[in-house]
>>> print(open('data_34.cif').read())   # mmCIF, C-alpha atoms
data_structure
loop_
_atom_site.group_PDB
_atom_site.id
_atom_site.type_symbol
_atom_site.label_atom_id
_atom_site.label_comp_id
_atom_site.auth_asym_id
_atom_site.auth_seq_id
_atom_site.Cartn_x
_atom_site.Cartn_y
_atom_site.Cartn_z
ATOM 1 C CA MET A 1 -6.850 9.448 -16.578
ATOM 2 C CA THR A 2 -7.487 5.751 -15.866
ATOM 3 C CA THR A 3 -4.899 4.427 -13.394
ATOM 4 C CA LEU A 4 -4.313 0.672 -13.285
ATOM 5 C CA ILE A 5 -3.561 -0.499 -9.757
ATOM 6 C CA CYS A 6 -1.859 -3.902 -9.660
ATOM 7 C CA GLY A 7 -1.687 -5.285 -6.148
ATOM 8 C CA SER A 8 -3.456 -7.238 -3.456
ATOM 9 C CA LEU A 9 -7.007 -7.338 -2.177
ATOM 10 C CA ALA A 10 -7.041 -8.789 1.321
ATOM 11 C CA PHE A 11 -9.010 -9.218 4.507
ATOM 12 C CA ASP A 12 -7.330 -7.917 7.672
ATOM 13 C CA ASN A 13 -8.484 -9.838 10.755
ATOM 14 C CA ILE A 14 -7.453 -7.716 13.748
ATOM 15 C CA MET A 15 -7.650 -9.067 17.297
ATOM 16 C CA VAL A 16 -6.847 -7.371 20.602
ATOM 17 C CA PHE A 17 -5.354 -9.367 23.462
ATOM 18 C CA PRO A 18 -6.270 -7.503 26.713
ATOM 19 C CA ASP A 19 -2.970 -8.357 28.385
ATOM 20 C CA ARG A 20 0.726 -8.411 27.532
ATOM 21 C CA PHE A 21 2.409 -11.170 25.552
ATOM 22 C CA LYS A 22 5.390 -11.047 27.912
ATOM 23 C CA ASN A 23 3.188 -12.253 30.761
ATOM 24 C CA HIS A 24 2.415 -15.461 28.868
ATOM 25 C CA ILE A 25 5.649 -16.279 27.061
ATOM 26 C CA LEU A 26 8.511 -17.771 29.061
ATOM 27 C CA PRO A 27 11.791 -16.741 27.372
ATOM 28 C CA GLU A 28 13.643 -19.802 28.662
ATOM 29 C CA GLN A 29 10.966 -22.071 27.133
ATOM 30 C CA ILE A 30 10.770 -20.420 23.720
ATOM 31 C CA HIS A 31 11.980 -23.618 22.044
ATOM 32 C CA ILE A 32 8.756 -25.394 23.104
ATOM 33 C CA LEU A 33 6.400 -22.466 22.611
ATOM 34 C CA ASN A 34 2.726 -23.447 22.889
ATOM 35 C CA VAL A 35 0.473 -20.544 23.805
ATOM 36 C CA ALA A 36 -3.118 -19.459 23.220
ATOM 37 C CA PHE A 37 -4.435 -15.913 23.600
ATOM 38 C CA LEU A 38 -8.092 -15.178 24.351
ATOM 39 C CA VAL A 39 -9.081 -12.252 22.101
ATOM 40 C CA PRO A 40 -12.592 -10.994 22.951
ATOM 41 C CA ASP A 41 -12.204 -7.974 20.636
ATOM 42 C CA MET A 42 -11.946 -8.814 16.935
ATOM 43 C CA ARG A 43 -12.788 -7.003 13.722
ATOM 44 C CA ARG A 44 -12.399 -7.699 10.024
ATOM 45 C CA GLU A 45 -11.303 -4.866 7.742
ATOM 46 C CA TYR A 46 -11.149 -4.608 3.973
ATOM 47 C CA GLY A 47 -7.548 -4.109 2.940
ATOM 48 C CA GLY A 48 -4.802 -5.075 0.566
ATOM 49 C CA CYS A 49 -2.638 -2.466 -1.137
ATOM 50 C CA ALA A 50 -4.633 -2.349 -4.380
ATOM 51 C CA GLY A 51 -7.910 -2.001 -2.510
ATOM 52 C CA ASN A 52 -6.589 0.732 -0.225
ATOM 53 C CA ILE A 53 -4.929 2.722 -3.010
ATOM 54 C CA ALA A 54 -8.007 2.523 -5.234
ATOM 55 C CA TYR A 55 -10.269 3.582 -2.364
ATOM 56 C CA ASN A 56 -8.184 6.695 -1.682
ATOM 57 C CA LEU A 57 -7.741 7.576 -5.344
ATOM 58 C CA LYS A 58 -11.523 7.418 -5.765
ATOM 59 C CA LEU A 59 -11.932 9.858 -2.839
ATOM 60 C CA LEU A 60 -9.664 12.277 -4.708
ATOM 61 C CA GLY A 61 -11.750 12.052 -7.855
ATOM 62 C CA GLY A 62 -9.314 9.841 -9.754
ATOM 63 C CA GLU A 63 -10.165 6.911 -12.027
ATOM 64 C CA PRO A 64 -8.721 3.775 -10.390
ATOM 65 C CA LEU A 65 -8.923 0.378 -12.044
ATOM 66 C CA ILE A 66 -7.995 -2.582 -9.831
ATOM 67 C CA MET A 67 -6.097 -5.616 -11.130
ATOM 68 C CA ALA A 68 -5.965 -8.333 -8.475
ATOM 69 C CA THR A 69 -6.785 -11.940 -7.616
ATOM 70 C CA VAL A 70 -9.208 -13.132 -4.925
ATOM 71 C CA GLY A 71 -10.511 -16.464 -3.650
ATOM 72 C CA ASP A 72 -13.805 -18.276 -3.172
ATOM 73 C CA ASP A 73 -14.542 -16.231 -0.040
ATOM 74 C CA ALA A 74 -14.350 -12.840 -1.789
ATOM 75 C CA ALA A 75 -18.101 -12.135 -2.161
ATOM 76 C CA PRO A 76 -18.275 -9.493 0.632
ATOM 77 C CA TYR A 77 -15.279 -7.644 -0.831
ATOM 78 C CA LEU A 78 -16.635 -7.798 -4.380
ATOM 79 C CA GLU A 79 -19.991 -6.452 -3.174
ATOM 80 C CA ARG A 80 -18.148 -3.630 -1.430
ATOM 81 C CA LEU A 81 -16.317 -2.724 -4.630
ATOM 82 C CA ASP A 82 -19.668 -2.514 -6.371
ATOM 83 C CA ARG A 83 -21.062 -0.211 -3.654
ATOM 84 C CA LEU A 84 -18.006 2.031 -3.984
ATOM 85 C CA ASP A 85 -18.360 2.098 -7.777
ATOM 86 C CA LEU A 86 -14.893 0.576 -8.152
ATOM 87 C CA ALA A 87 -14.812 -1.549 -11.296
ATOM 88 C CA ARG A 88 -13.829 -5.183 -10.781
ATOM 89 C CA THR A 89 -13.426 -6.047 -14.439
ATOM 90 C CA HIS A 90 -9.852 -7.183 -13.766
ATOM 91 C CA VAL A 91 -10.397 -8.763 -10.349
ATOM 92 C CA ARG A 92 -9.912 -12.473 -11.063
ATOM 93 C CA GLN A 93 -11.449 -15.084 -8.766
ATOM 94 C CA ILE A 94 -9.233 -18.158 -8.254
ATOM 95 C CA ALA A 95 -11.289 -21.287 -7.557
ATOM 96 C CA GLY A 96 -10.177 -23.418 -4.624
ATOM 97 C CA SER A 97 -8.282 -20.629 -2.870
ATOM 98 C CA PHE A 98 -8.810 -18.089 -0.116
ATOM 99 C CA THR A 99 -8.501 -14.356 -0.598
ATOM 100 C CA ALA A 100 -5.212 -13.087 0.908
ATOM 101 C CA GLN A 101 -5.641 -12.599 4.646
ATOM 102 C CA ALA A 102 -3.684 -11.167 7.548
ATOM 103 C CA PHE A 103 -4.337 -12.312 11.116
ATOM 104 C CA ILE A 104 -3.001 -9.707 13.523
ATOM 105 C CA THR A 105 -3.054 -9.992 17.317
ATOM 106 C CA THR A 106 -2.087 -6.869 19.291
ATOM 107 C CA ASP A 107 -1.404 -6.703 23.035
ATOM 108 C CA LEU A 108 -1.666 -3.791 25.477
ATOM 109 C CA ASP A 109 1.898 -2.677 24.660
ATOM 110 C CA ASP A 110 1.046 -2.522 20.936
ATOM 111 C CA ASN A 111 3.240 -5.545 20.239
ATOM 112 C CA GLN A 112 1.899 -7.559 17.335
ATOM 113 C CA ILE A 113 1.943 -11.185 16.217
ATOM 114 C CA THR A 114 0.938 -11.451 12.563
ATOM 115 C CA ALA A 115 0.297 -14.384 10.262
ATOM 116 C CA PHE A 116 -0.258 -13.726 6.548
ATOM 117 C CA HIS A 117 -1.781 -16.148 4.064
ATOM 118 C CA PRO A 118 -1.242 -15.042 0.437
ATOM 119 C CA GLY A 119 -3.870 -17.366 -1.007
ATOM 120 C CA ALA A 120 -5.133 -16.195 -4.393
ATOM 121 C CA MET A 121 -2.503 -13.442 -4.455
ATOM 122 C CA SER A 122 0.013 -16.092 -5.537
ATOM 123 C CA PHE A 123 -1.826 -16.313 -8.876
ATOM 124 C CA SER A 124 -1.643 -12.599 -9.695
ATOM 125 C CA HIS A 125 0.626 -13.340 -12.680
ATOM 126 C CA LEU A 126 -2.443 -14.694 -14.511
ATOM 127 C CA ASN A 127 -3.609 -11.102 -14.955
ATOM 128 C CA LYS A 128 -1.993 -9.206 -17.823
ATOM 129 C CA VAL A 129 -1.679 -5.428 -18.045
ATOM 130 C CA ASP A 130 -2.607 -5.388 -21.727
ATOM 131 C CA GLN A 131 -6.051 -6.712 -20.782
ATOM 132 C CA ALA A 132 -6.806 -3.319 -19.220
ATOM 133 C CA THR A 133 -7.213 -1.153 -22.287
ATOM 134 C CA GLY A 134 -7.256 2.578 -21.717
ATOM 135 C CA ALA A 135 -4.903 2.708 -18.718
ATOM 136 C CA ARG A 136 -2.525 5.667 -18.947
ATOM 137 C CA LEU A 137 -0.774 5.332 -15.586
ATOM 138 C CA GLY A 138 -0.119 2.421 -13.252
ATOM 139 C CA ILE A 139 1.404 1.114 -10.065
ATOM 140 C CA VAL A 140 2.969 -2.232 -9.196
ATOM 141 C CA ALA A 141 2.106 -2.557 -5.502
ATOM 142 C CA PRO A 142 2.807 -5.529 -3.180
ATOM 143 C CA ASP A 143 1.381 -8.702 -4.724
ATOM 144 C CA GLY A 144 2.495 -12.194 -5.683
ATOM 145 C CA ARG A 145 6.180 -12.314 -6.654
ATOM 146 C CA GLU A 146 5.633 -13.549 -10.211
ATOM 147 C CA GLY A 147 2.770 -11.115 -10.683
ATOM 148 C CA MET A 148 4.913 -8.137 -9.720
ATOM 149 C CA LEU A 149 7.654 -9.166 -12.140
ATOM 150 C CA GLN A 150 5.107 -9.771 -14.908
ATOM 151 C CA HIS A 151 3.195 -6.522 -14.420
ATOM 152 C CA ALA A 152 6.340 -4.389 -14.396
ATOM 153 C CA ARG A 153 7.407 -5.910 -17.713
ATOM 154 C CA ASP A 154 3.882 -5.500 -19.080
ATOM 155 C CA PHE A 155 3.691 -1.812 -18.190
ATOM 156 C CA ALA A 156 7.071 -1.128 -19.759
ATOM 157 C CA ALA A 157 6.196 -3.055 -22.930
ATOM 158 C CA ALA A 158 2.923 -1.148 -23.242
ATOM 159 C CA GLY A 159 4.627 2.203 -22.709
ATOM 160 C CA VAL A 160 2.448 2.959 -19.671
ATOM 161 C CA PRO A 161 4.331 4.926 -16.978
ATOM 162 C CA PHE A 162 4.126 3.291 -13.546
ATOM 163 C CA ILE A 163 5.236 3.479 -9.937
ATOM 164 C CA PHE A 164 7.270 0.576 -8.553
ATOM 165 C CA ASP A 165 6.101 0.168 -4.943
ATOM 166 C CA PRO A 166 7.297 -3.195 -3.538
ATOM 167 C CA GLY A 167 6.457 -2.451 0.105
ATOM 168 C CA GLN A 168 6.703 -5.499 2.331
ATOM 169 C CA GLY A 169 7.335 -7.593 -0.787
ATOM 170 C CA LEU A 170 10.785 -6.085 -1.357
ATOM 171 C CA PRO A 171 12.697 -8.902 0.428
ATOM 172 C CA MET A 172 11.372 -11.372 -2.184
ATOM 173 C CA PHE A 173 13.682 -9.871 -4.814
ATOM 174 C CA SER A 174 17.425 -9.988 -5.382
ATOM 175 C CA GLY A 175 19.536 -6.917 -5.997
ATOM 176 C CA ASP A 176 19.602 -7.576 -9.741
ATOM 177 C CA GLU A 177 15.832 -7.975 -9.848
ATOM 178 C CA LEU A 178 15.345 -4.725 -7.951
ATOM 179 C CA LEU A 179 17.641 -2.919 -10.376
ATOM 180 C CA ASP A 180 15.609 -4.381 -13.230
ATOM 181 C CA PHE A 181 12.406 -3.062 -11.669
ATOM 182 C CA MET A 182 14.013 0.374 -11.354
ATOM 183 C CA SER A 183 15.090 0.326 -14.998
ATOM 184 C CA LEU A 184 11.535 -0.478 -16.123
ATOM 185 C CA ALA A 185 9.680 1.916 -13.804
ATOM 186 C CA ASP A 186 9.136 5.637 -14.261
ATOM 187 C CA TYR A 187 8.708 6.272 -10.519
ATOM 188 C CA ALA A 188 9.583 4.324 -7.369
ATOM 189 C CA CYS A 189 8.343 4.646 -3.790
ATOM 190 C CA PHE A 190 9.675 3.159 -0.539
ATOM 191 C CA ASN A 191 9.497 3.825 3.176
ATOM 192 C CA ASP A 192 12.780 4.644 4.890
ATOM 193 C CA TYR A 193 13.459 1.051 5.993
ATOM 194 C CA GLU A 194 12.712 -0.311 2.536
ATOM 195 C CA ALA A 195 14.955 2.347 0.989
ATOM 196 C CA LYS A 196 17.847 1.206 3.190
ATOM 197 C CA LEU A 197 17.211 -2.414 2.243
ATOM 198 C CA LEU A 198 17.067 -1.416 -1.433
ATOM 199 C CA CYS A 199 20.462 0.286 -1.175
ATOM 200 C CA ASP A 200 21.917 -2.675 0.678
ATOM 201 C CA ARG A 201 20.682 -5.229 -1.870
ATOM 202 C CA THR A 202 21.636 -3.257 -4.967
ATOM 203 C CA GLY A 203 24.877 -1.757 -3.687
ATOM 204 C CA ARG A 204 23.702 1.661 -4.916
ATOM 205 C CA SER A 205 23.051 4.891 -3.026
ATOM 206 C CA LEU A 206 19.695 6.667 -3.118
ATOM 207 C CA ASP A 207 21.247 9.416 -5.241
ATOM 208 C CA GLU A 208 22.443 6.822 -7.751
ATOM 209 C CA LEU A 209 19.100 5.020 -7.816
ATOM 210 C CA ALA A 210 17.252 8.306 -8.268
ATOM 211 C CA THR A 211 18.956 8.795 -11.629
ATOM 212 C CA THR A 212 17.270 5.649 -13.002
ATOM 213 C CA VAL A 213 13.684 6.964 -12.601
ATOM 214 C CA ARG A 214 11.805 10.217 -13.087
ATOM 215 C CA ALA A 215 11.204 10.421 -9.359
ATOM 216 C CA LEU A 216 12.243 8.401 -6.317
ATOM 217 C CA ILE A 217 10.033 8.893 -3.261
ATOM 218 C CA VAL A 218 11.049 7.932 0.284
ATOM 219 C CA THR A 219 8.531 8.264 3.117
ATOM 220 C CA ARG A 220 9.857 8.850 6.622
ATOM 221 C CA GLY A 221 6.822 8.654 8.890
ATOM 222 C CA SER A 222 6.473 11.637 11.208
ATOM 223 C CA GLU A 223 9.543 13.209 9.565
ATOM 224 C CA GLY A 224 7.698 13.658 6.265
ATOM 225 C CA SER A 225 9.030 12.407 2.937
ATOM 226 C CA ASP A 226 11.641 13.146 0.288
ATOM 227 C CA ILE A 227 11.066 13.222 -3.455
ATOM 228 C CA TYR A 228 14.214 12.959 -5.589
ATOM 229 C CA ALA A 229 13.449 14.334 -9.055
ATOM 230 C CA ASP A 230 15.315 16.304 -11.719
ATOM 231 C CA GLY A 231 18.473 16.344 -9.635
ATOM 232 C CA VAL A 232 16.671 17.961 -6.675
ATOM 233 C CA CYS A 233 15.469 16.511 -3.367
ATOM 234 C CA HIS A 234 12.100 18.002 -2.440
ATOM 235 C CA ALA A 235 11.514 17.776 1.322
ATOM 236 C CA ILE A 236 7.797 17.228 1.993
ATOM 237 C CA PRO A 237 6.670 17.990 5.546
ATOM 238 C CA CYS A 238 4.442 15.679 7.535
ATOM 239 C CA VAL A 239 0.869 16.954 7.932
ATOM 240 C CA ALA A 240 -0.474 16.958 11.485
ATOM 241 C CA ALA A 241 -3.342 14.515 11.965
ATOM 242 C CA ASP A 242 -6.489 15.241 13.944
ATOM 243 C CA ALA A 243 -5.717 12.064 15.897
ATOM 244 C CA ILE A 244 -3.327 9.149 15.632
ATOM 245 C CA VAL A 245 -5.515 6.065 15.721
ATOM 246 C CA ASP A 246 -4.185 3.459 13.280
ATOM 247 C CA PRO A 247 -1.302 3.646 10.773
ATOM 248 C CA THR A 248 -2.675 0.713 8.737
ATOM 249 C CA GLY A 249 -3.020 1.850 5.127
ATOM 250 C CA CYS A 250 -1.353 5.244 5.551
ATOM 251 C CA GLY A 251 1.285 4.391 2.979
ATOM 252 C CA ASP A 252 -1.408 3.382 0.518
ATOM 253 C CA ALA A 253 -3.274 6.663 1.070
ATOM 254 C CA TYR A 254 0.002 8.505 0.424
ATOM 255 C CA ARG A 255 0.512 6.613 -2.827
ATOM 256 C CA ALA A 256 -2.986 7.508 -3.993
ATOM 257 C CA GLY A 257 -1.992 11.149 -3.566
ATOM 258 C CA LEU A 258 1.118 10.531 -5.660
ATOM 259 C CA LEU A 259 -0.903 8.901 -8.426
ATOM 260 C CA TYR A 260 -3.464 11.694 -8.474
ATOM 261 C CA GLY A 261 -0.757 14.355 -8.597
ATOM 262 C CA ILE A 262 1.093 12.624 -11.436
ATOM 263 C CA ALA A 263 -2.117 12.071 -13.430
ATOM 264 C CA SER A 264 -3.135 15.718 -12.910
ATOM 265 C CA GLY A 265 0.225 17.173 -13.917
ATOM 266 C CA PHE A 266 1.028 18.657 -10.485
ATOM 267 C CA ASP A 267 4.612 19.647 -9.735
ATOM 268 C CA TRP A 268 6.460 17.426 -7.273
ATOM 269 C CA PRO A 269 6.089 19.618 -4.160
ATOM 270 C CA SER A 270 2.317 19.833 -4.716
ATOM 271 C CA THR A 271 2.089 16.107 -5.407
ATOM 272 C CA GLY A 272 4.008 15.252 -2.247
ATOM 273 C CA ARG A 273 1.920 17.612 -0.133
ATOM 274 C CA LEU A 274 -1.325 16.072 -1.381
ATOM 275 C CA ALA A 275 0.070 12.621 -0.588
ATOM 276 C CA ALA A 276 0.973 13.786 2.927
ATOM 277 C CA VAL A 277 -2.546 15.163 3.449
ATOM 278 C CA MET A 278 -4.065 11.816 2.460
ATOM 279 C CA GLY A 279 -1.847 9.985 4.938
ATOM 280 C CA ALA A 280 -2.840 12.382 7.735
ATOM 281 C CA ILE A 281 -6.539 11.911 7.012
ATOM 282 C CA LYS A 282 -6.209 8.106 7.021
ATOM 283 C CA ILE A 283 -4.277 7.772 10.272
ATOM 284 C CA ALA A 284 -7.177 9.285 12.242
ATOM 285 C CA ARG A 285 -9.428 6.283 11.461
ATOM 286 C CA ARG A 286 -9.166 2.557 12.069
ATOM 287 C CA GLY A 287 -8.522 0.317 9.091
ATOM 288 C CA GLY A 288 -7.413 1.180 5.590
ATOM 289 C CA GLN A 289 -10.784 2.129 4.099
ATOM 290 C CA ASN A 290 -12.997 3.697 6.788
ATOM 291 C CA HIS A 291 -12.199 7.402 6.316
ATOM 292 C CA GLN A 292 -14.743 9.192 4.124
ATOM 293 C CA PRO A 293 -13.683 12.796 3.426
ATOM 294 C CA SER A 294 -15.252 14.556 0.463
ATOM 295 C CA ARG A 295 -13.011 16.007 -2.230
ATOM 296 C CA GLU A 296 -13.832 19.459 -0.859
ATOM 297 C CA GLU A 297 -12.810 18.413 2.667
ATOM 298 C CA ILE A 298 -9.495 17.105 1.313
ATOM 299 C CA ALA A 299 -8.913 20.489 -0.351
ATOM 300 C CA VAL A 300 -9.657 22.279 2.932
ATOM 301 C CA ARG A 301 -7.128 20.079 4.772
ATOM 302 C CA TYR A 302 -4.527 20.834 2.109
ATOM 303 C CA GLN A 303 -5.170 24.573 2.308
ATOM 304 C CA ARG A 304 -5.054 24.517 6.100
ATOM 305 C CA ALA A 305 -1.670 22.786 6.010
ATOM 306 C CA PHE A 306 -0.036 24.653 3.111
ATOM 307 C CA GLY A 307 -1.915 27.923 2.655
ATOM 308 C CA SER A 308 -3.262 27.291 -0.844
ATOM 309 C CA ALA A 309 -5.827 25.005 -2.474
ATOM 310 C CA PRO A 310 -4.682 21.959 -4.504
ATOM 311 C CA TRP A 311 -7.364 22.489 -7.180
#
>>> encode(input="data_34.cif", output="structure tokens")
Amino acid sequence: MTTLICGSLAFDNIMVFPDRFKNHILPEQIHILNVAFLVPDMRREYGGCAGNIAYNLKLLGGEPLIMATVGDDAAPYLERLDRLDLARTHVRQIAGSFTAQAFITTDLDDNQITAFHPGAMSFSHLNKVDQATGARLGIVAPDGREGMLQHARDFAAAGVPFIFDPGQGLPMFSGDELLDFMSLADYACFNDYEAKLLCDRTGRSLDELATTVRALIVTRGSEGSDIYADGVCHAIPCVAADAIVDPTGCGDAYRAGLLYGIASGFDWPSTGRLAAVMGAIKIARRGGQNHQPSREEIAVRYQRAFGSAPW
């Protein structure tokens, strides 16, 4: 089943400051802050929610199709998509712009200072869902505001079931807009903080919101996740990771598991468990797209955690 993944493609520029920010920032002088951090360790990772989700769905044997916007500097990412055999038919290059980029500086206490430039992502509304013929499932992941609104309406108009996954983009929307997203979507996924913000903005409880979609998924980090479906809350346990190295992209790996389970007709407990396995595999590697398990290795991890094979 072809799954259309609407979201961002981005470069993550990650720098390590070999000291502590608190040693260089004077609290009483914060109003005239002017600091520079020497960062001898720097790496660039391929990221963005659409890129990460598609990467993981491909590992599972799914059929991801990316819909995103990139800038003039996107050549390395586009070449990578080609190497991974991820179609870029609906990856639109916006002249005169940069590809979305995050600049993240981390100190020895794991505090982070992040700057994010949306760049070409702000033009995501130029892509239309109906241009991707053959898609039978979709996801609206974090992207440009207008693009997210447009793609949700497009999916609903085309009768293509989709997951609403606003992620860090949730604060861009009002309560009424969020309720509209929920009315259009078939499934919705949030982390626990986002779920609380959703309830606060809409004035609805999770139980009430769960009645508007086929399934409402809430991830809770090391406490696992909950899937509200058919009047039941399925508690999905967290899967122990081989190592905890980098949480970047774990949520996207989880969502790839959801998409694969939905496309394959799995029941909700099995779908949630597969999603949890994908998150555990990802967290053991740096970056959002550097883990490389085979489909057979994913099945072994699932069986080790839950006592039966997923396929």
>>> closest_residue(input="data_34.cif", among="A:Ala240, A:Leu78, A:Cys6, A:Cys189", to="A:Ser225", atoms="all atoms listed in the file")
A:Cys189
>>> residues_around(input="data_34.cif", residues="A:Arg255", least_positions_apart="5", cutoff="10 Å", atoms="only C-alpha atoms", output="number ranges by chain")
A: 49, 52-54, 56-57, 139, 141, 163, 165, 189, 217, 249-250, 260-261, 271-272, 274-276, 278-279
>>> resolve_selection(input="data_34.cif", expression="the PyMOL selection byres ((chain A and resi 175) around 12)", output="short mmCIF file (atom, residue, chain, number, x, y, z; two decimals) with C-alpha atoms, in the frame of the given file")
data_model
loop_
_atom_site.label_atom_id
_atom_site.label_comp_id
_atom_site.auth_asym_id
_atom_site.auth_seq_id
_atom_site.Cartn_x
_atom_site.Cartn_y
_atom_site.Cartn_z
CA LEU A 170 10.78 -6.08 -1.36
CA PRO A 171 12.70 -8.90 0.43
CA MET A 172 11.37 -11.37 -2.18
CA PHE A 173 13.68 -9.87 -4.81
CA SER A 174 17.42 -9.99 -5.38
CA ASP A 176 19.60 -7.58 -9.74
CA GLU A 177 15.83 -7.98 -9.85
CA LEU A 178 15.34 -4.72 -7.95
CA LEU A 179 17.64 -2.92 -10.38
CA ASP A 180 15.61 -4.38 -13.23
CA PHE A 181 12.41 -3.06 -11.67
CA MET A 182 14.01 0.37 -11.35
CA LEU A 197 17.21 -2.41 2.24
CA LEU A 198 17.07 -1.42 -1.43
CA CYS A 199 20.46 0.29 -1.18
CA ASP A 200 21.92 -2.68 0.68
CA ARG A 201 20.68 -5.23 -1.87
CA THR A 202 21.64 -3.26 -4.97
CA GLY A 203 24.88 -1.76 -3.69
CA ARG A 204 23.70 1.66 -4.92
#
>>> closest_residue(input="data_34.cif", among="A:Ala210, A:Ile244, A:Ala100, A:Leu184", to="A:Ala284", atoms="all atoms listed in the file")
A:Ile244
>>> residues_around(input="data_34.cif", residues="A:Tyr302", least_positions_apart="4", cutoff="8 Å", atoms="only C-alpha atoms", output="list in words")
Arg273, Leu274, Val277, Ile298, Phe306, Gly307, Ser308, Ala309 and Pro310 of chain A
>>> residues_near_point(input="data_34.cif", point="(6.7, 0.1, -2.1)", cutoff="8 Å", atoms="all atoms listed in the file", output="ChimeraX atom specification")
/A:141-142,164-170,188-191,194
>>> resolve_selection(input="data_34.cif", expression="the PyMOL selection byres ((chain A and resi 226-232) around 7)", output="ChimeraX atom specification")
/A:210,214-219,225,233-236
>>> closest_residue(input="data_34.cif", among="A:Gln289, A:Asn111, A:Ser183, A:Asn127", to="A:Gly144", atoms="all atoms listed in the file")
A:Asn127
>>> atom_distance(input="data_34.cif", atom1="atom CA of A:Val213", atom2="atom CA of A:Ala156")
12.7 Å
